[in-house]
Structures are given as structure tokens and as C-alpha cells.
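A.B. asks: Structure: start.pdb, PDB, C-alpha atoms, pLDDT in the B column.
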ATOM      1  CA  MET A1462       0.000   0.000   0.000  1.00 87.00           C
ATOM      2  CA  ARG A1463       2.850   2.387   0.759  1.00 84.00           C
ATOM      3  CA  ALA A1464       4.277   1.700  -2.703  1.00 89.00           C
ATOM      4  CA  GLY A1465       0.993   2.681  -4.349  1.00 94.00           C
ATOM      5  CA  VAL A1466      -0.584  -0.203  -6.271  1.00 96.00           C
ATOM      6  CA  ALA A1467      -3.016   0.944  -8.959  1.00 97.00           C
ATOM      7  CA  VAL A1468      -6.544  -0.452  -9.227  1.00 98.00           C
ATOM      8  CA  LEU A1469      -7.662  -0.777 -12.855  1.00 97.00           C
ATOM      9  CA  ALA A1470     -11.083  -0.970 -14.484  1.00 97.00           C
ATOM     10  CA  VAL A1471     -11.691  -4.524 -15.672  1.00 96.00           C
ATOM     11  CA  ALA A1472     -13.797  -3.373 -18.639  1.00 96.00           C
ATOM     12  CA  ASP A1473     -15.190  -0.260 -20.315  1.00 97.00           C
ATOM     13  CA  GLY A1474     -17.983   1.277 -18.295  1.00 98.00           C
ATOM     14  CA  LYS A1475     -19.627   4.285 -16.647  1.00 98.00           C
ATOM     15  CA  VAL A1476     -18.912   5.383 -13.085  1.00 98.00           C
ATOM     16  CA  THR A1477     -22.214   5.288 -11.189  1.00 98.00           C
ATOM     17  CA  GLY A1478     -20.879   5.483  -7.644  1.00 97.00           C
ATOM     18  CA  VAL A1479     -17.809   6.866  -5.849  1.00 98.00           C
ATOM     19  CA  ARG A1480     -16.697   7.222  -2.232  1.00 98.00           C
ATOM     20  CA  ASP A1481     -13.405   8.685  -0.980  1.00 97.00           C
ATOM     21  CA  GLY A1482     -12.100  10.140   2.264  1.00 95.00           C
ATOM     22  CA  GLU A1483     -12.518   7.077   4.497  1.00 96.00           C
ATOM     23  CA  LYS A1484      -9.476   6.477   6.693  1.00 94.00           C
ATOM     24  CA  ASP A1485      -6.927   3.759   5.937  1.00 93.00           C
ATOM     25  CA  ILE A1486      -7.177   1.898   9.225  1.00 91.00           C
ATOM     26  CA  SER A1487      -7.747  -1.746  10.138  1.00 89.00           C
ATOM     27  CA  ILE A1488     -11.232  -2.709  11.265  1.00 91.00           C
ATOM     28  CA  ARG A1489      -9.523  -4.339  14.264  1.00 86.00           C
ATOM     29  CA  VAL A1490      -8.590  -0.830  15.380  1.00 88.00           C
ATOM     30  CA  ILE A1491     -11.580   1.254  14.358  1.00 90.00           C
ATOM     31  CA  GLY A1492     -14.302  -1.343  14.994  1.00 93.00           C
ATOM     32  CA  LYS A1493     -17.315  -2.382  12.915  1.00 93.00           C
ATOM     33  CA  ALA A1494     -19.649   0.257  14.337  1.00 94.00           C
ATOM     34  CA  ALA A1495     -17.444   3.090  13.065  1.00 93.00           C
ATOM     35  CA  ILE A1496     -17.845   2.002   9.440  1.00 93.00           C
ATOM     36  CA  ALA A1497     -21.435   0.720   9.490  1.00 94.00           C
ATOM     37  CA  GLY A1498     -22.987   1.285   6.077  1.00 94.00           C
ATOM     38  CA  ARG A1499     -19.561   2.061   4.620  1.00 95.00           C
ATOM     39  CA  GLU A1500     -18.027  -1.416   4.713  1.00 96.00           C
ATOM     40  CA  CYS A1501     -16.695  -1.002   1.173  1.00 97.00           C
ATOM     41  CA  GLY A1502     -14.586   1.923   2.391  1.00 97.00           C
ATOM     42  CA  ASN A1503     -13.358   4.111  -0.423  1.00 98.00           C
ATOM     43  CA  GLY A1504     -14.744   2.606  -3.597  1.00 98.00           C
ATOM     44  CA  VAL A1505     -15.863   2.875  -7.207  1.00 98.00           C
ATOM     45  CA  PHE A1506     -18.931   1.329  -8.855  1.00 98.00           C
ATOM     46  CA  LEU A1507     -18.921   0.794 -12.629  1.00 98.00           C
ATOM     47  CA  ARG A1508     -21.855  -0.100 -14.877  1.00 98.00           C
ATOM     48  CA  HIS A1509     -21.010  -2.061 -18.022  1.00 98.00           C
ATOM     49  CA  PRO A1510     -23.131  -3.090 -21.031  1.00 96.00           C
ATOM     50  CA  HIS A1511     -25.498  -6.088 -21.012  1.00 96.00           C
ATOM     51  CA  GLY A1512     -26.328  -5.990 -17.297  1.00 96.00           C
ATOM     52  CA  TRP A1513     -22.791  -6.220 -15.894  1.00 97.00           C
ATOM     53  CA  ASP A1514     -21.520  -4.189 -12.905  1.00 98.00           C
ATOM     54  CA  THR A1515     -18.197  -4.144 -11.055  1.00 98.00           C
ATOM     55  CA  GLN A1516     -17.438  -2.726  -7.609  1.00 98.00           C
ATOM     56  CA  TYR A1517     -13.943  -1.913  -6.264  1.00 98.00           C
ATOM     57  CA  CYS A1518     -13.599  -1.604  -2.467  1.00 98.00           C
ATOM     58  CA  HIS A1519     -11.026  -0.703   0.220  1.00 98.00           C
ATOM     59  CA  LEU A1520      -9.207   1.864  -1.920  1.00 98.00           C
ATOM     60  CA  ALA A1521      -6.652   4.174  -0.319  1.00 97.00           C
ATOM     61  CA  SER A1522      -7.926   7.451   1.084  1.00 96.00           C
ATOM     62  CA  GLY A1523      -7.534  10.280  -1.402  1.00 96.00           C
ATOM     63  CA  SER A1524      -6.599   7.955  -4.253  1.00 97.00           C
ATOM     64  CA  VAL A1525      -9.881   7.705  -6.191  1.00 98.00           C
ATOM     65  CA  SER A1526      -9.195   9.262  -9.587  1.00 97.00           C
ATOM     66  CA  VAL A1527     -12.601   9.092 -11.310  1.00 98.00           C
ATOM     67  CA  SER A1528     -15.918  10.851 -10.746  1.00 97.00           C
ATOM     68  CA  LYS A1529     -19.568   9.889 -10.964  1.00 97.00           C
ATOM     69  CA  GLY A1530     -20.896   9.991 -14.519  1.00 97.00           C
ATOM     70  CA  GLN A1531     -17.462   9.562 -16.073  1.00 98.00           C
ATOM     71  CA  HIS A1532     -16.923   6.954 -18.794  1.00 98.00           C
ATOM     72  CA  VAL A1533     -13.782   4.851 -18.305  1.00 98.00           C
ATOM     73  CA  LYS A1534     -11.852   2.427 -20.469  1.00 98.00           C
ATOM     74  CA  ARG A1535     -10.640  -1.029 -19.592  1.00 95.00           C
ATOM     75  CA  GLY A1536      -7.300  -0.731 -17.789  1.00 95.00           C
ATOM     76  CA  GLN A1537      -7.900   2.870 -16.686  1.00 97.00           C
ATOM     77  CA  VAL A1538      -6.701   3.696 -13.162  1.00 98.00           C
ATOM     78  CA  LEU A1539      -9.581   4.068 -10.699  1.00 98.00           C
ATOM     79  CA  GLY A1540      -7.512   4.522  -7.527  1.00 98.00           C
ATOM     80  CA  LYS A1541      -4.999   2.660  -5.390  1.00 98.00           C
ATOM     81  CA  VAL A1542      -5.124  -0.346  -3.076  1.00 97.00           C
ATOM     82  CA  GLY A1543      -5.850   0.747   0.489  1.00 96.00           C
ATOM     83  CA  LEU A1544      -7.033  -0.239   3.961  1.00 94.00           C
ATOM     84  CA  SER A1545     -10.394   1.527   4.180  1.00 96.00           C
ATOM     85  CA  GLY A1546     -13.688  -0.009   5.258  1.00 96.00           C
ATOM     86  CA  ALA A1547     -14.209  -3.525   6.623  1.00 95.00           C
ATOM     87  CA  THR A1548     -10.741  -4.961   6.093  1.00 93.00           C
ATOM     88  CA  GLU A1549      -7.825  -6.078   8.252  1.00 86.00           C
ATOM     89  CA  PHE A1550      -5.082  -5.746   5.637  1.00 85.00           C
ATOM     90  CA  PRO A1551      -4.570  -3.822   2.374  1.00 90.00           C
ATOM     91  CA  HIS A1552      -6.176  -5.463  -0.625  1.00 92.00           C
ATOM     92  CA  LEU A1553      -8.686  -4.899  -3.402  1.00 96.00           C
ATOM     93  CA  HIS A1554     -12.143  -6.389  -2.971  1.00 97.00           C
ATOM     94  CA  LEU A1555     -13.612  -6.779  -6.457  1.00 97.00           C
ATOM     95  CA  THR A1556     -17.262  -7.744  -6.833  1.00 98.00           C
ATOM     96  CA  VAL A1557     -18.702  -8.674 -10.251  1.00 97.00           C
ATOM     97  CA  ARG A1558     -22.477  -8.737 -10.774  1.00 97.00           C
ATOM     98  CA  HIS A1559     -24.689  -9.692 -13.700  1.00 96.00           C
ATOM     99  CA  ASN A1560     -28.297  -8.494 -13.559  1.00 96.00           C
ATOM    100  CA  GLY A1561     -27.749  -7.853  -9.858  1.00 94.00           C
ATOM    101  CA  ASN A1562     -26.424 -11.330  -9.064  1.00 94.00           C
ATOM    102  CA  ILE A1563     -22.852 -11.821  -7.824  1.00 94.00           C
ATOM    103  CA  VAL A1564     -20.684 -13.759 -10.298  1.00 93.00           C
ATOM    104  CA  ASP A1565     -17.251 -15.274  -9.705  1.00 91.00           C
ATOM    105  CA  PRO A1566     -15.158 -13.932 -12.619  1.00 93.00           C
ATOM    106  CA  PHE A1567     -12.761 -16.861 -12.279  1.00 90.00           C
ATOM    107  CA  SER A1568     -15.586 -19.387 -12.497  1.00 88.00           C
ATOM    108  CA  PRO A1569     -18.809 -17.744 -13.705  1.00 88.00           C
ATOM    109  CA  LYS A1570     -20.702 -20.959 -14.376  1.00 83.00           C
ATOM    110  CA  ALA A1571     -19.554 -23.175 -11.529  1.00 76.00           C
ATOM    111  CA  GLN A1572     -22.145 -25.702 -10.432  1.00 75.00           C
ATOM    112  CA  SER A1573     -23.555 -25.625  -6.910  1.00 75.00           C
ATOM    113  CA  GLY A1574     -21.078 -27.161  -4.483  1.00 72.00           C
ATOM    114  CA  GLN A1575     -18.119 -26.640  -6.817  1.00 70.00           C
ATOM    115  CA  CYS A1576     -15.428 -24.003  -6.416  1.00 69.00           C
ATOM    116  CA  GLY A1577     -14.156 -23.933  -9.975  1.00 66.00           C
ATOM    117  CA  SER A1578     -14.846 -24.530 -13.640  1.00 70.00           C
ATOM    118  CA  LYS A1579     -12.982 -24.386 -16.931  1.00 77.00           C
ATOM    119  CA  GLN A1580     -14.643 -21.120 -17.932  1.00 84.00           C
ATOM    120  CA  SER A1581     -13.482 -17.634 -16.945  1.00 90.00           C
ATOM    121  CA  LEU A1582     -14.387 -14.005 -17.638  1.00 93.00           C
ATOM    122  CA  TRP A1583     -10.693 -13.044 -17.820  1.00 93.00           C
ATOM    123  CA  ASP A1584      -8.739 -13.061 -21.064  1.00 91.00           C
ATOM    124  CA  ASP A1585      -5.794 -15.465 -21.227  1.00 90.00           C
ATOM    125  CA  VAL A1586      -3.134 -12.849 -20.414  1.00 91.00           C
ATOM    126  CA  THR A1587      -4.976 -11.504 -17.375  1.00 90.00           C
ATOM    127  CA  ALA A1588      -5.898 -14.983 -16.156  1.00 88.00           C
ATOM    128  CA  LYS A1589      -2.227 -15.956 -16.133  1.00 90.00           C
ATOM    129  CA  VAL A1590      -1.276 -12.880 -14.104  1.00 89.00           C
ATOM    130  CA  LEU A1591      -4.117 -13.479 -11.635  1.00 87.00           C
ATOM    131  CA  ALA A1592      -3.536 -17.216 -11.215  1.00 86.00           C
ATOM    132  CA  TYR A1593      -3.915 -18.175  -7.559  1.00 83.00           C
ATOM    133  CA  ARG A1594      -0.668 -18.749  -5.695  1.00 86.00           C
ATOM    134  CA  THR A1595      -0.335 -20.389  -2.305  1.00 90.00           C
ATOM    135  CA  ARG A1596       2.135 -19.711   0.507  1.00 94.00           C
ATOM    136  CA  ILE A1597       3.448 -16.268  -0.356  1.00 94.00           C
ATOM    137  CA  LEU A1598       5.931 -14.676   2.047  1.00 94.00           C
ATOM    138  CA  LEU A1599       5.086 -11.088   3.050  1.00 89.00           C
ATOM    139  CA  ASN A1600       7.311 -10.216   6.011  1.00 89.00           C
ATOM    140  CA  LEU A1601      10.054 -11.691   8.164  1.00 93.00           C
ATOM    141  CA  GLY A1602      12.513 -10.345  10.686  1.00 92.00           C
ATOM    142  CA  PHE A1603      13.381  -9.867  14.326  1.00 94.00           C
ATOM    143  CA  ALA A1604      12.088  -7.775  17.201  1.00 93.00           C
ATOM    144  CA  ASP A1605      12.640  -7.465  20.941  1.00 92.00           C
ATOM    145  CA  ARG A1606       9.063  -8.438  21.856  1.00 92.00           C
ATOM    146  CA  ILE A1607       6.053 -10.438  20.710  1.00 92.00           C
ATOM    147  CA  LEU A1608       4.385  -8.513  17.890  1.00 91.00           C
ATOM    148  CA  SER A1609       0.792  -7.825  16.988  1.00 87.00           C
ATOM    149  CA  MET A1610      -0.379  -7.953  13.390  1.00 83.00           C
ATOM    150  CA  ASP A1611      -0.625  -4.151  13.484  1.00 79.00           C
ATOM    151  CA  ASP A1612       3.062  -3.915  14.477  1.00 83.00           C
ATOM    152  CA  VAL A1613       3.958  -5.807  11.327  1.00 84.00           C
ATOM    153  CA  GLU A1614       1.354  -4.062   9.152  1.00 75.00           C
ATOM    154  CA  ASN A1615       2.282  -0.447   9.921  1.00 69.00           C
ATOM    155  CA  GLY A1616       5.856  -0.692   8.653  1.00 65.00           C
ATOM    156  CA  GLY A1617       7.450   0.400  11.913  1.00 64.00           C
ATOM    157  CA  LEU A1618       9.789  -2.609  11.941  1.00 69.00           C
ATOM    158  CA  GLU A1619      11.593  -1.729   8.732  1.00 64.00           C
ATOM    159  CA  ASN A1620      14.372   0.140  10.549  1.00 60.00           C
ATOM    160  CA  PHE A1621      14.110  -1.749  13.830  1.00 71.00           C
ATOM    161  CA  ALA A1622      17.481  -2.187  15.569  1.00 79.00           C
ATOM    162  CA  LEU A1623      18.411  -4.946  18.006  1.00 85.00           C
ATOM    163  CA  THR A1624      21.458  -4.901  20.274  1.00 85.00           C
ATOM    164  CA  ALA A1625      23.188  -7.385  22.557  1.00 83.00           C
ATOM    165  CA  ASP A1626      21.237  -5.794  25.416  1.00 87.00           C
ATOM    166  CA  SER A1627      17.787  -6.187  23.858  1.00 91.00           C
ATOM    167  CA  PRO A1628      15.367  -7.767  26.347  1.00 94.00           C
ATOM    168  CA  ALA A1629      14.350 -10.556  23.957  1.00 95.00           C
ATOM    169  CA  LEU A1630      15.016 -11.970  20.530  1.00 95.00           C
ATOM    170  CA  VAL A1631      11.798 -12.755  18.666  1.00 95.00           C
ATOM    171  CA  ALA A1632      11.666 -14.004  15.072  1.00 95.00           C
ATOM    172  CA  HIS A1633       8.498 -13.470  13.054  1.00 95.00           C
ATOM    173  CA  VAL A1634       7.192 -14.575   9.655  1.00 96.00           C
ATOM    174  CA  ARG A1635       3.940 -13.496   7.991  1.00 94.00           C
ATOM    175  CA  MET A1636       2.536 -15.393   5.005  1.00 95.00           C
ATOM    176  CA  ILE A1637      -0.613 -15.375   2.918  1.00 92.00           C
ATOM    177  CA  GLY A1638      -2.316 -18.259   1.146  1.00 92.00           C
ATOM    178  CA  LEU A1639      -1.644 -20.938   3.739  1.00 95.00           C
ATOM    179  CA  GLU A1640      -3.895 -23.983   3.529  1.00 94.00           C
ATOM    180  CA  GLY A1641      -5.711 -26.039   6.095  1.00 94.00           C
ATOM    181  CA  GLY A1642      -3.452 -28.851   7.296  1.00 95.00           C
ATOM    182  CA  ASP A1643      -0.231 -26.859   6.805  1.00 96.00           C
ATOM    183  CA  ILE A1644       2.209 -27.108   9.730  1.00 96.00           C
ATOM    184  CA  LEU A1645       4.371 -24.022  10.323  1.00 96.00           C
ATOM    185  CA  LYS A1646       7.814 -24.630  11.800  1.00 96.00           C
ATOM    186  CA  LEU A1647      10.259 -22.036  13.131  1.00 96.00           C
ATOM    187  CA  VAL A1648      13.668 -22.934  14.595  1.00 97.00           C
ATOM    188  CA  LEU A1649      15.986 -20.339  16.164  1.00 97.00           C
ATOM    189  CA  ARG A1650      19.660 -21.287  16.567  1.00 97.00           C
ATOM    190  CA  ASP A1651      22.461 -19.548  18.444  1.00 95.00           C
ATOM    191  CA  PRO A1652      25.894 -18.724  16.928  1.00 96.00           C
ATOM    192  CA  ASP A1653      27.118 -22.242  17.795  1.00 95.00           C
ATOM    193  CA  GLY A1654      24.234 -23.832  15.904  1.00 96.00           C
ATOM    194  CA  ALA A1655      22.431 -25.033  19.030  1.00 96.00           C
ATOM    195  CA  ILE A1656      18.625 -24.732  19.032  1.00 96.00           C
ATOM    196  CA  LEU A1657      17.502 -21.910  21.323  1.00 95.00           C
ATOM    197  CA  VAL A1658      13.795 -22.459  20.701  1.00 96.00           C
ATOM    198  CA  GLN A1659      11.526 -24.015  18.104  1.00 95.00           C
ATOM    199  CA  SER A1660       7.819 -23.898  17.403  1.00 92.00           C
ATOM    200  CA  ASN A1661       5.479 -26.759  18.174  1.00 84.00           C
ATOM    201  CA  LEU A1662       2.310 -25.800  16.316  1.00 88.00           C
ATOM    202  CA  LYS A1663      -0.688 -27.901  15.368  1.00 93.00           C
ATOM    203  CA  PRO A1664      -1.761 -28.138  11.704  1.00 95.00           C
ATOM    204  CA  LEU A1665      -3.831 -25.152  10.604  1.00 96.00           C
ATOM    205  CA  ASP A1666      -7.513 -25.864  11.064  1.00 95.00           C
ATOM    206  CA  ARG A1667      -8.458 -24.052   7.839  1.00 94.00           C
ATOM    207  CA  ALA A1668      -7.047 -21.905   5.048  1.00 93.00           C
ATOM    208  CA  LYS A1669      -5.622 -18.596   6.236  1.00 91.00           C
ATOM    209  CA  ALA A1670      -5.725 -15.355   4.266  1.00 86.00           C
ATOM    210  CA  GLN A1671      -2.727 -14.296   6.350  1.00 88.00           C
ATOM    211  CA  PHE A1672      -0.912 -15.763   9.330  1.00 93.00           C
ATOM    212  CA  LEU A1673       1.796 -14.455  11.665  1.00 94.00           C
ATOM    213  CA  THR A1674       4.140 -16.995  13.275  1.00 95.00           C
ATOM    214  CA  GLN A1675       6.600 -16.051  16.047  1.00 95.00           C
ATOM    215  CA  ILE A1676       9.142 -17.642  18.367  1.00 96.00           C
ATOM    216  CA  GLY A1677      11.654 -16.110  20.747  1.00 95.00           C
ATOM    217  CA  ARG A1678      13.726 -16.176  23.911  1.00 95.00           C
ATOM    218  CA  LYS A1679      14.363 -13.695  26.672  1.00 95.00           C
ATOM    219  CA  ARG A1680      17.870 -12.232  26.962  1.00 94.00           C
ATOM    220  CA  PRO A1681      20.290 -14.339  29.005  1.00 93.00           C
ATOM    221  CA  ALA A1682      21.582 -12.779  32.213  1.00 91.00           C
ATOM    222  CA  THR A1683      24.948 -12.230  30.550  1.00 88.00           C
ATOM    223  CA  GLY A1684      23.397 -10.664  27.426  1.00 89.00           C
ATOM    224  CA  TRP A1685      23.291 -12.014  23.914  1.00 92.00           C
ATOM    225  CA  ALA A1686      26.518 -13.654  22.804  1.00 92.00           C
ATOM    226  CA  GLN A1687      28.084 -12.074  19.745  1.00 91.00           C
ATOM    227  CA  GLY A1688      27.691 -13.895  16.468  1.00 94.00           C
ATOM    228  CA  ARG A1689      25.052 -14.948  13.960  1.00 95.00           C
ATOM    229  CA  TYR A1690      21.608 -16.160  15.062  1.00 96.00           C
ATOM    230  CA  GLU A1691      19.796 -18.088  12.326  1.00 97.00           C
ATOM    231  CA  VAL A1692      16.143 -18.923  11.843  1.00 97.00           C
ATOM    232  CA  ASP A1693      14.809 -21.724   9.651  1.00 97.00           C
ATOM    233  CA  TYR A1694      11.163 -21.374   8.664  1.00 97.00           C
ATOM    234  CA  SER A1695       9.298 -24.102   6.831  1.00 97.00           C
ATOM    235  CA  VAL A1696       5.785 -25.146   5.939  1.00 97.00           C
ATOM    236  CA  ILE A1697       5.191 -28.880   6.222  1.00 96.00           C
ATOM    237  CA  ARG A1698       2.331 -30.601   4.427  1.00 94.00           C
ATOM    238  CA  GLU A1699       1.663 -34.335   4.610  1.00 92.00           C
ATOM    239  CA  GLY A1700       5.160 -34.877   5.967  1.00 92.00           C
ATOM    240  CA  GLU A1701       6.957 -32.931   3.235  1.00 95.00           C
ATOM    241  CA  SER A1702       8.389 -29.410   3.236  1.00 95.00           C
ATOM    242  CA  VAL A1703       6.552 -27.255   0.676  1.00 96.00           C
ATOM    243  CA  PHE A1704       8.127 -23.906   1.599  1.00 96.00           C
ATOM    244  CA  GLU A1705      11.453 -22.991   3.221  1.00 96.00           C
ATOM    245  CA  GLU A1706      13.157 -19.730   4.176  1.00 97.00           C
ATOM    246  CA  ARG A1707      16.263 -18.917   6.240  1.00 97.00           C
ATOM    247  CA  PHE A1708      17.118 -15.534   7.747  1.00 96.00           C
ATOM    248  CA  ALA A1709      19.554 -14.313  10.379  1.00 95.00           C
ATOM    249  CA  ILE A1710      20.761 -11.478  12.580  1.00 93.00           C
ATOM    250  CA  THR A1711      24.289 -10.850  13.836  1.00 92.00           C
ATOM    251  CA  PHE A1712      25.169  -9.316  17.177  1.00 88.00           C
ATOM    252  CA  GLN A1713      28.440  -7.470  17.026  1.00 79.00           C
ATOM    253  CA  PRO A1714      30.768  -7.178  20.047  1.00 64.00           C
ATOM    254  CA  SER A1715      30.020  -4.177  22.268  1.00 58.00           C
ATOM    255  CA  LEU A1716      32.290  -1.167  21.774  1.00 52.00           C
TER     256      LEU A1716
END
I'd like the structure from this file rewritten - as C-alpha cells, please.

C.D. replies:
Amino acid sequence: MRAGVAVLAVADGKVTGVRDGEKDISIRVIGKAAIAGRECGNGVFLRHPHGWDTQYCHLASGSVSVSKGQHVKRGQVLGKVGLSGATEFPHLHLTVRHNGNIVDPFSPKAQSGQCGSKQSLWDDVTAKVLAYRTRILLNLGFADRILSMDDVENGGLENFALTADSPALVAHVRMIGLEGGDILKLVLRDPDGAILVQSNLKPLDRAKAQFLTQIGRKRPATGWAQGRYEVDYSVIREGESVFEERFAITFQPSL
């Protein structure tokens, strides 16, 4: 969201509704009551030919670049991805309707009880770009305390500095697209390669849009020994590793 990701019109159409000025703030912070009736947040509503409509929600405050009554072309910028309305993390919520009924653009004619079909409303190029991907890494790093999702979300950890006197060493990893049954494993090792702490988590009970995993230890009485502390993160599924990442931090000797 800080980089500014553009939201594009999926097809030619006329702007029949616009909202801007809603704050970019997680619903976990502001609460549902504060946005009642404005769950879409900042948004744009487009009307297309032959009974089709599209709605674009959770746009960034001040980013909406079209006005009601305006005609737009496919691919035209409508605004930017934001955190407004009923959402916990920045994303675009796209709703497609035909004659007032919601349609899944990835599977417009799926049968009842099915979650997919061979048909799609997207052209081949767009469909390839939008293909669903599982287990995508968003953030990783270290802190001196257990973190909330908001700590990770607000970007305040980008320049976070740890020292040999930090009260704790906590490793964190946030991913999206995890699946039910995935087992998340974190192992933190000291400069000698010995395991300081490792996670012991149960398989995920269901798919997770996003998930924050953390492990850590309090500072020893003598402080953190100098050297490189490594973390191995993996996702295990049916006994096999399907995702792996290693990251580290080095404590330099005190001056």
C-alpha cells in the first residue's frame, strides 16, 4: 500500500458510484460500528453493457481518480489499493455482478457445491497474471518483543534495531495463502548452531488469508553472545516441506 498499487477498471464502463475520504485503518482498530454502512470503504462502482456491474472496495484514502458519470476504459486507473472499510489488511475487494447477481469472474458458471470450472471471464493474459498462488511470504525479521499484526502491518519494523542488550530476541514470519493442514515450523539457533527455541504448532484448522508466526527467547543474564543467530522457517504438508526460508541477525561485540 505504501508503494501505491493501482486499481484498474476490468472493462469499459460508466462510473455510477464513488466514495473517498474514508481512513486507511484496520477494522480491528476502528471497529465495525465506526464504518457501518460504509463497509466497502473508499470505492468505485462501474456499470457495463449487457447488465454487468463491477465494484472496487477498500481503496486508499484520497486515491480515487474518477468521478460519478465519467466513462472509463478497460485498464484505466480508478484509484490505489488501500485499507479503508471492513478490512484487516490492504487489498482490493472486487465484486462482479450480472443483472444484480454476484458472479465469480474466475468461475462464472460453476455448479452448486463446486469451487471452480474451466470457464473464466478473464482473457488469457490476465488470467495468467491473476492465477492463484499459495504460501506467499510477506514479512520476516526480528524484534525485541512479541508482535501484533498491526506492528507488522504499519511498517514500523523496517528500521528496527536490536542490540546485545535487547530484552528478547523474537523471530516473526507473515505469510498469505496458507492452507488447512499446513504445519508451520520455526527454529531459532544460536551462533554455535544449538537450538535456542523451536515452534510446536498444530496443523492449521483451515485456510488462512494471512498468518503471523513467532518464536523467541528472553535475553540471558549475561546478554546475547556475539555472532550470527539463524532462523529456519518451513511449511510442512503431509510430511513434506513445501516452503522454506532462512534468515539471520548478527550481534556485534560491544564497543

A.B. asks: Which residue, A:Gly1642, A:Gly1561, A:Gly1677, A:Gly1688, has the smallest gap to Val1658 in chain A when you use all atoms listed in the file?

C.D. replies: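 Between A:Gly1642, A:Gly1561, A:Gly1677, A:Gly1688, the residue approaching Val1658 in chain A most closely is A:Gly1677.
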
A.B. asks: Between A:Arg1650, A:Arg1499, A:Arg1606, A:His1554, which has the minimum distance to Val1631 in chain A (counting all atoms listed in the file)?

C.D. replies: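 Once distances to Val1631 in chain A are computed over all atoms listed in the file, the minimum belongs to A:Arg1606.
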
A.B. asks: Neighbours of Lys1529 in chain A within 10 Å (all atoms listed in the file; same-chain residues fewer than 3 positions away dropped), as a list in words?

C.D. replies: Lys1475, Val1476, Thr1477, Gly1478, Val1479, Arg1480, Val1505, Phe1506, Leu1507 and His1532 of chain A

A.B. asks: Mind dumping a table of every range 1533-1612 of chain A residue within 9 Å of range 1660-1676 of chain A, with the nearest atom pair and its distance in Å to one decimal, using only C-alpha atoms, sorted by chain and rising number, as a Markdown table?

C.D. replies:
| residue | atom | partner | partner_atom | distance |
| --- | --- | --- | --- | --- |
| A:Phe1550 | CA | A:Gln1671 | CA | 8.9 |
| A:Asn1600 | CA | A:Leu1673 | CA | 9.0 |
| A:Ile1607 | CA | A:Gln1675 | CA | 7.3 |
| A:Leu1608 | CA | A:Gln1675 | CA | 8.1 |
| A:Ser1609 | CA | A:Leu1673 | CA | 8.6 |
| A:Met1610 | CA | A:Leu1673 | CA | 7.1 |

A.B. asks: Using only C-alpha atoms, can you tell me which of A:Ala1497, A:Asp1643, A:Thr1515, A:Arg1594 comes closest to Asn1560 in chain A?

C.D. replies: A:Thr1515

A.B. asks: Report as a PyMOL selection string the full result of the PyMOL selection byres ((chain A and resi 1566-1571) around 6) when it is applied to this structure.

C.D. replies: chain A and resi 1564-1565+1572+1577-1578+1580-1582

A.B. asks: Compare A:Lys1534, A:Arg1698, A:His1511, A:Lys1579 by their minimum atom-to-atom distance to Arg1596 in chain A, counting only C-alpha atoms, and give me the closest one.

C.D. replies: A:Arg1698

A.B. asks: So how many Å separate CA of Val1557 in chain A and CA of Ser1487 in chain A, to one decimal?

C.D. replies: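 Pair CA of Val1557 in chain A / CA of Ser1487 in chain A returns 24.2 Å.
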
A.B. asks: Can you tell me which residues surround Phe1603 in chain A at a distance of at most 7 Å, considering only C-alpha atoms, apart from same-chain residues fewer than 5 positions away, and format the answer as a PyMOL selection string?

C.D. replies: chain A and resi 1630-1633

A.B. asks: Using the chain letters and residue numbers of this document, give as a ChimeraX atom specification the residues selected by the PyMOL selection byres ((chain A and resi 1517) around 9).

C.D. replies: /A:1468,1470,1501,1503-1507,1515-1516,1518-1520,1539,1553-1556

A.B. asks: Let me know the residues the PyMOL selection byres ((chain A and resi 1467) around 12) catches in the file above, as a list in words.

C.D. replies: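 With the shown file as input, the PyMOL selection byres ((chain A and resi 1467) around 12) matches Met1462, Arg1463, Ala1464, Gly1465, Val1466, Val1468, Leu1469, Ala1470, Tyr1517, Leu1520, Ala1521, Ser1524, Val1525, Ser1526, Gly1536, Gln1537, Val1538, Leu1539, Gly1540, Lys1541, Val1542, Gly1543, His1552 and Leu1553 of chain A.
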
A.B. asks: Pick out the residues sitting within 10 Å of Trp1685 in chain A, and hand them over as a ChimeraX atom specification; count all atoms listed in the file, and ignore anything fewer than 3 positions along from it in its own chain.

C.D. replies: /A:1624-1630,1651,1679-1682,1688,1690,1712-1714

A.B. asks: Mind giving me the straight-line distance from CA of Glu1614 in chain A to CA of Gln1659 in chain A in Å, one decimal?

C.D. replies: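 According to the coordinates, CA of Glu1614 in chain A and CA of Gln1659 in chain A are separated by 24.1 Å.
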
A.B. asks: Just give me the gap between CA of Val1471 in chain A and CA of Pro1551 in chain A in Å, one decimal is fine.

C.D. replies: 19.4 Å

A.B. asks: Keeping N, CA and C atoms (and nothing else), can you write range 1655-1665 of chain A of this structure as a compact mmCIF listing (two decimals), in the first residue's frame?

C.D. replies:
# COMPACT_ATOMS: atom_id res chain seq x y z
N ALA A 1655 23.35 -24.36 18.11
CA ALA A 1655 22.43 -25.03 19.03
C ALA A 1655 21.04 -24.41 18.94
N ILE A 1656 20.01 -25.23 19.10
CA ILE A 1656 18.62 -24.73 19.03
C ILE A 1656 18.29 -23.98 20.32
N LEU A 1657 17.96 -22.71 20.18
CA LEU A 1657 17.50 -21.91 21.32
C LEU A 1657 16.03 -22.17 21.61
N VAL A 1658 15.23 -22.22 20.55
CA VAL A 1658 13.80 -22.46 20.70
C VAL A 1658 13.24 -22.85 19.34
N GLN A 1659 12.21 -23.67 19.35
CA GLN A 1659 11.53 -24.02 18.10
C GLN A 1659 10.03 -24.11 18.34
N SER A 1660 9.27 -23.88 17.30
CA SER A 1660 7.82 -23.90 17.40
C SER A 1660 7.31 -25.33 17.49
N ASN A 1661 6.14 -25.46 18.08
CA ASN A 1661 5.48 -26.76 18.17
C ASN A 1661 3.99 -26.52 17.93
N LEU A 1662 3.66 -26.21 16.66
CA LEU A 1662 2.31 -25.80 16.32
C LEU A 1662 1.51 -26.94 15.71
N LYS A 1663 0.21 -26.93 15.98
CA LYS A 1663 -0.69 -27.90 15.37
C LYS A 1663 -0.96 -27.52 13.91
N PRO A 1664 -1.38 -28.47 13.09
CA PRO A 1664 -1.76 -28.14 11.70
C PRO A 1664 -2.86 -27.07 11.69
N LEU A 1665 -2.80 -26.18 10.72
CA LEU A 1665 -3.83 -25.15 10.60
C LEU A 1665 -5.20 -25.79 10.41
